[in-house]
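Working notes for the structure below.
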Amino acid sequence: MNRITVKAGQKKTLPILWTGEETEMDINVDLAGEGAETEILLLLLGKGTSSLNIKAEVRHLARQTKSQLLVKGALGERARVDFDGWVKILPGAAGSDAWLGAHLLLLSGQAAGRAVPNLEIGENDVKAGHAATVGRVDEEQMFYLMSRGVDREQAYRLVVSGFAQSMLRKFPEKMRKLAMRNLSI
Amino acid sequence: MNKTLAITGLAVETAEGKEILRGVNLVVKPGEKHVIMGPNGGGKSTLAMVLLGHPGYKVTAGKIKLGNTDITRLPANERAKLGLFLGFQYPVEVPGVNFASFLRLAVNAKGQGNISPLALRKELAETAKKLAMGADMTTRALNEGFSGGEKKKSEILQMLILKPAIVILDEPDSGLDVDALRYIAENIAGLGKDTGMVLVTHYQRILQHLRPDFVHVLIKGKIVESGGAELAEAIEKKGYEKFQK
């Protein structure tokens with residue numbers, strides 16, 4: 001198990017792209033010093049029969065630490081993702097700020113996703129929140145786009161790539177290109 | 001584009017089988033401005049959605065023609081390509097989809113030759129100015145994080161860029177401050193003589209900026225009264241009660 005430690009005053013961004021190779025992932029980040037920050041970006045693009053069990057954990061060990069753990073997944077065909085996210089704010093990590101957001105989009109009737117956010121908070125003076133959704137492409141968005149003249153397939157591609165966009169924006173060039181290729185559904 | 005919208009005996013129910021429209025007849029010729037008023041639940045918004053083919057409704061009788069084409073069973077994108085436009089009451093946010101790139105796709109889908117990204121951005125910026133919208137419109141995502149007023153303006157902006165033959169506007173005036181209402185109404189009033197319009201509204205106030213040729217009262221899924229602009233004034237004073245027998 002890898003554990004990444006972020007020291008006082010440092011910021012560590014971890015962009016991670018999954019395109020179906022790995023079956024297990026375990027990500028652990030410790031915010032060990034005052035003011036340490038992390039942004040973990042997980043973009044999960046599954047196709048075929050690819051399957052992933054993924055666990056990500058952030059521990060706030062010091063004061064004024066900040067974390068964002070963001071997951072977006074677009075799962076086609078028979079792809080499957082099982083995500084467990086943990087944010088732990090330990091006693092003493094006062095003034096910390098944590099956000100955990102996980103959103104999986106199922107692109108086929110056979111795709112499956114599970115996203116469970118967990119917060120463990122051992123300190124009063126903190127900000128922490130989470131959101132998790134597993135859903136399908138929104139028909140109201142589809143109707144809106146199609147009402148302007150774009151066909152169903154094109155509208156679908158727009159919604160799905162738009163869904164990943166907020167994360168892609170923050171990815172390094174090479175990774176972004178690879179992700180875009182995998183997004184062409 | 002110069003087309004007449006003809007709605008004949010249109011009956012519609014929801015996917016759950018609830019009857020909403022019970023035989024609507026309406027003809028909208030190029031250049032005509034029609035306003036549909038009526039109490040809540042009368043079917044105004046349903047009519048707007050059904051004209052574009054929203055999948056949540058089922059046409060059980062009647063038909064919709066645009067020009068010479070029967071569009072009753074066509075998907076929304078085909079209707080749009082033939083020249084129909086719907087300004088949504090609640091414009092949908094589509095995160096991550098760039099406004100300008102999307103509109104370019106929509107313009108190109110209409111098949112009147114491709115417009116360059118640069119030309120589109122220029123037209124978009126100029127048109128946005130007419131609506132007192134920020135120049136950053138071109139770089140933002142489609143309605144994402146827009147304020148209520150910006151969303152309503154976004155609909156009118158898209159309408160002006162797409163230049164449809166017939167525009168359906170579902171409450172373009174709701175939830176706006178006085179200035180936003182004026183900008184929106186002026187741009188609607190400025191539609192050319194080739195463009196037919198159906199505007200659904202609750203309020204008389206947009207009609208202070210925009211004089212309709214016809215006003216229709218839609219109650220319980222039927223047009224129960226039609227008249228000129230004076231009908232809207234009468235409704236403002238006396239309400240709908242006298243039509244609800």
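Convention: chains lettered A, B, ... in structure tokens order; per-chain residue numbering from 1; ligands numbered from 1 as shown.
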Practice item. Enumerate as a PyMOL selection string the residues belonging to chain B that approach chain A to within 8 Å, with only C-alpha atoms taken into account. Key: chain B and resi 52+54-55+76-81+85-86+91-97+105-107+109-110
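For the residues A:Ser96, A:Thr49, A:Thr5, A:Thr23, ranking by smallest atom-to-atom distance to Gly122 in chain A using only C-alpha atoms places A:Ser96 first.
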Point to revise | strand (DSSP E) residues, from DSSP on the backbone, in range 13-114 of chain B, as a PyMOL selection string | key: chain B and resi 13-14+19-28+33-37+57-66+69-70+84-87
Set out as a tab-separated table a contact list for range 9-102 of chain B and range 215-226 of chain B with a cut-off of 9 Å, giving each residue of range 9-102 of chain B that qualifies its closest atom pair and distance in Å to one decimal, counting only C-alpha atoms, ordered by chain and rising residue number.
residue	atom	partner	partner_atom	distance
B:Ala11	CA	B:Gly221	CA	8.2
B:Val12	CA	B:Gly221	CA	8.7
B:Glu19	CA	B:Gly221	CA	8.3
B:Ile20	CA	B:Gly221	CA	5.5
B:Leu21	CA	B:Gly221	CA	3.9
B:Arg22	CA	B:Gly221	CA	5.0
B:Gly23	CA	B:Lys222	CA	6.2
B:Val24	CA	B:Lys222	CA	5.6
B:Asn25	CA	B:Ile223	CA	7.5
B:Leu26	CA	B:Ile223	CA	8.7
B:Lys33	CA	B:Val215	CA	8.7
B:His34	CA	B:Val215	CA	5.8
B:Val35	CA	B:Val215	CA	4.7
B:Ile36	CA	B:His216	CA	4.8
B:Met37	CA	B:Val217	CA	5.0
B:Gly38	CA	B:Leu218	CA	5.0
B:Pro39	CA	B:Ile219	CA	6.8
B:Asn40	CA	B:Ile219	CA	8.7
B:Gly41	CA	B:Lys220	CA	7.3
B:Gly42	CA	B:Lys220	CA	4.5
B:Gly43	CA	B:Gly221	CA	5.3
B:Lys44	CA	B:Leu218	CA	6.8
B:Leu47	CA	B:Gly221	CA	8.8
Review point. What's the 12 Å shell around range 176-182 of chain A, counting only C-alpha atoms, without same-chain residues fewer than 4 positions away, as a PyMOL selection string?
Key: chain A and resi 15-20+42-48+73-76+157+160-162+164-172
Report as a compact mmCIF listing (two decimals) with N, CA and C atoms, in the first residue's frame all protein, DNA and RNA residues lying within 12 Å of Asn118 in chain A, evaluated on only C-alpha atoms, omitting residues in the same chain fewer than 2 positions from it.
# COMPACT_ATOMS: atom_id res chain seq x y z
N LYS A 55 -10.13 2.18 -3.57
CA LYS A 55 -10.29 2.79 -2.27
C LYS A 55 -9.35 3.99 -2.20
N ALA A 56 -9.89 5.10 -1.76
CA ALA A 56 -9.05 6.29 -1.61
C ALA A 56 -9.27 6.86 -0.22
N GLU A 57 -8.15 7.19 0.43
CA GLU A 57 -8.27 7.70 1.80
C GLU A 57 -7.38 8.93 1.99
N VAL A 58 -7.98 9.95 2.57
CA VAL A 58 -7.20 11.14 2.93
C VAL A 58 -7.27 11.28 4.45
N ARG A 59 -6.09 11.46 5.06
CA ARG A 59 -6.09 11.70 6.51
C ARG A 59 -5.57 13.11 6.81
N LEU A 69 -11.18 15.38 -2.77
CA LEU A 69 -11.10 14.05 -3.37
C LEU A 69 -12.27 13.96 -4.34
N PHE A 83 -16.32 2.13 -5.68
CA PHE A 83 -15.46 3.14 -5.05
C PHE A 83 -15.81 3.35 -3.59
N ASP A 84 -14.77 3.28 -2.76
CA ASP A 84 -14.92 3.63 -1.36
C ASP A 84 -14.01 4.81 -1.06
N GLY A 85 -14.59 5.90 -0.63
CA GLY A 85 -13.78 7.07 -0.32
C GLY A 85 -13.83 7.37 1.16
N TRP A 86 -12.68 7.66 1.70
CA TRP A 86 -12.59 7.97 3.14
C TRP A 86 -11.90 9.30 3.36
N VAL A 87 -12.52 10.14 4.16
CA VAL A 87 -11.83 11.33 4.63
C VAL A 87 -11.84 11.28 6.14
N LYS A 88 -10.65 11.30 6.72
CA LYS A 88 -10.56 11.24 8.17
C LYS A 88 -9.90 12.51 8.69
N ILE A 89 -10.61 13.20 9.54
CA ILE A 89 -10.03 14.39 10.16
C ILE A 89 -9.75 14.03 11.62
N ALA A 98 -12.44 19.77 4.03
CA ALA A 98 -12.40 18.57 3.20
C ALA A 98 -13.64 18.46 2.33
N TRP A 99 -13.44 18.02 1.11
CA TRP A 99 -14.57 17.76 0.23
C TRP A 99 -14.34 16.43 -0.50
N LEU A 100 -15.39 15.62 -0.53
CA LEU A 100 -15.31 14.34 -1.22
C LEU A 100 -16.51 14.26 -2.17
N GLY A 101 -16.24 14.20 -3.46
CA GLY A 101 -17.34 14.13 -4.43
C GLY A 101 -17.11 12.99 -5.40
N ALA A 102 -18.10 12.13 -5.56
CA ALA A 102 -17.95 10.97 -6.46
C ALA A 102 -19.19 10.84 -7.33
N ALA A 115 -20.65 4.01 -5.33
CA ALA A 115 -19.77 5.05 -4.80
C ALA A 115 -20.20 5.36 -3.38
N VAL A 116 -19.31 5.09 -2.45
CA VAL A 116 -19.66 5.31 -1.05
C VAL A 116 -18.66 6.27 -0.41
N GLU A 120 -14.95 10.68 8.59
CA GLU A 120 -14.73 10.45 10.02
C GLU A 120 -14.14 11.72 10.60
N ILE A 121 -14.88 12.35 11.47
CA ILE A 121 -14.45 13.66 11.93
C ILE A 121 -14.22 13.66 13.43
N ALA A 128 -16.41 20.04 6.35
CA ALA A 128 -16.30 18.78 5.61
C ALA A 128 -17.62 18.49 4.92
N GLY A 129 -17.54 18.01 3.69
CA GLY A 129 -18.77 17.69 2.99
C GLY A 129 -18.54 16.59 1.98
N HIS A 130 -19.63 15.98 1.55
CA HIS A 130 -19.49 14.96 0.53
C HIS A 130 -20.75 14.89 -0.33
N ALA A 131 -20.58 14.32 -1.54
CA ALA A 131 -21.71 14.10 -2.43
C ALA A 131 -21.37 12.89 -3.28
N ALA A 132 -22.33 12.03 -3.51
CA ALA A 132 -22.07 10.88 -4.36
C ALA A 132 -23.32 10.58 -5.17
Review point. Residues at most 8 Å from Gly113 in chain A, counting only C-alpha atoms, excluding those fewer than 4 positions away in the same chain, as a PyMOL selection string?
Key: chain A and resi 75+80-83+104+106+134
Practice item. Write out as a ChimeraX atom specification the residues lying within 9 Å of range 146-156 of chain B, counting only C-alpha atoms and excluding same-chain residues fewer than 5 positions away. Key: /B:86-93,128,131-133,137,161,169,172-177,180-181,183-184,187-188
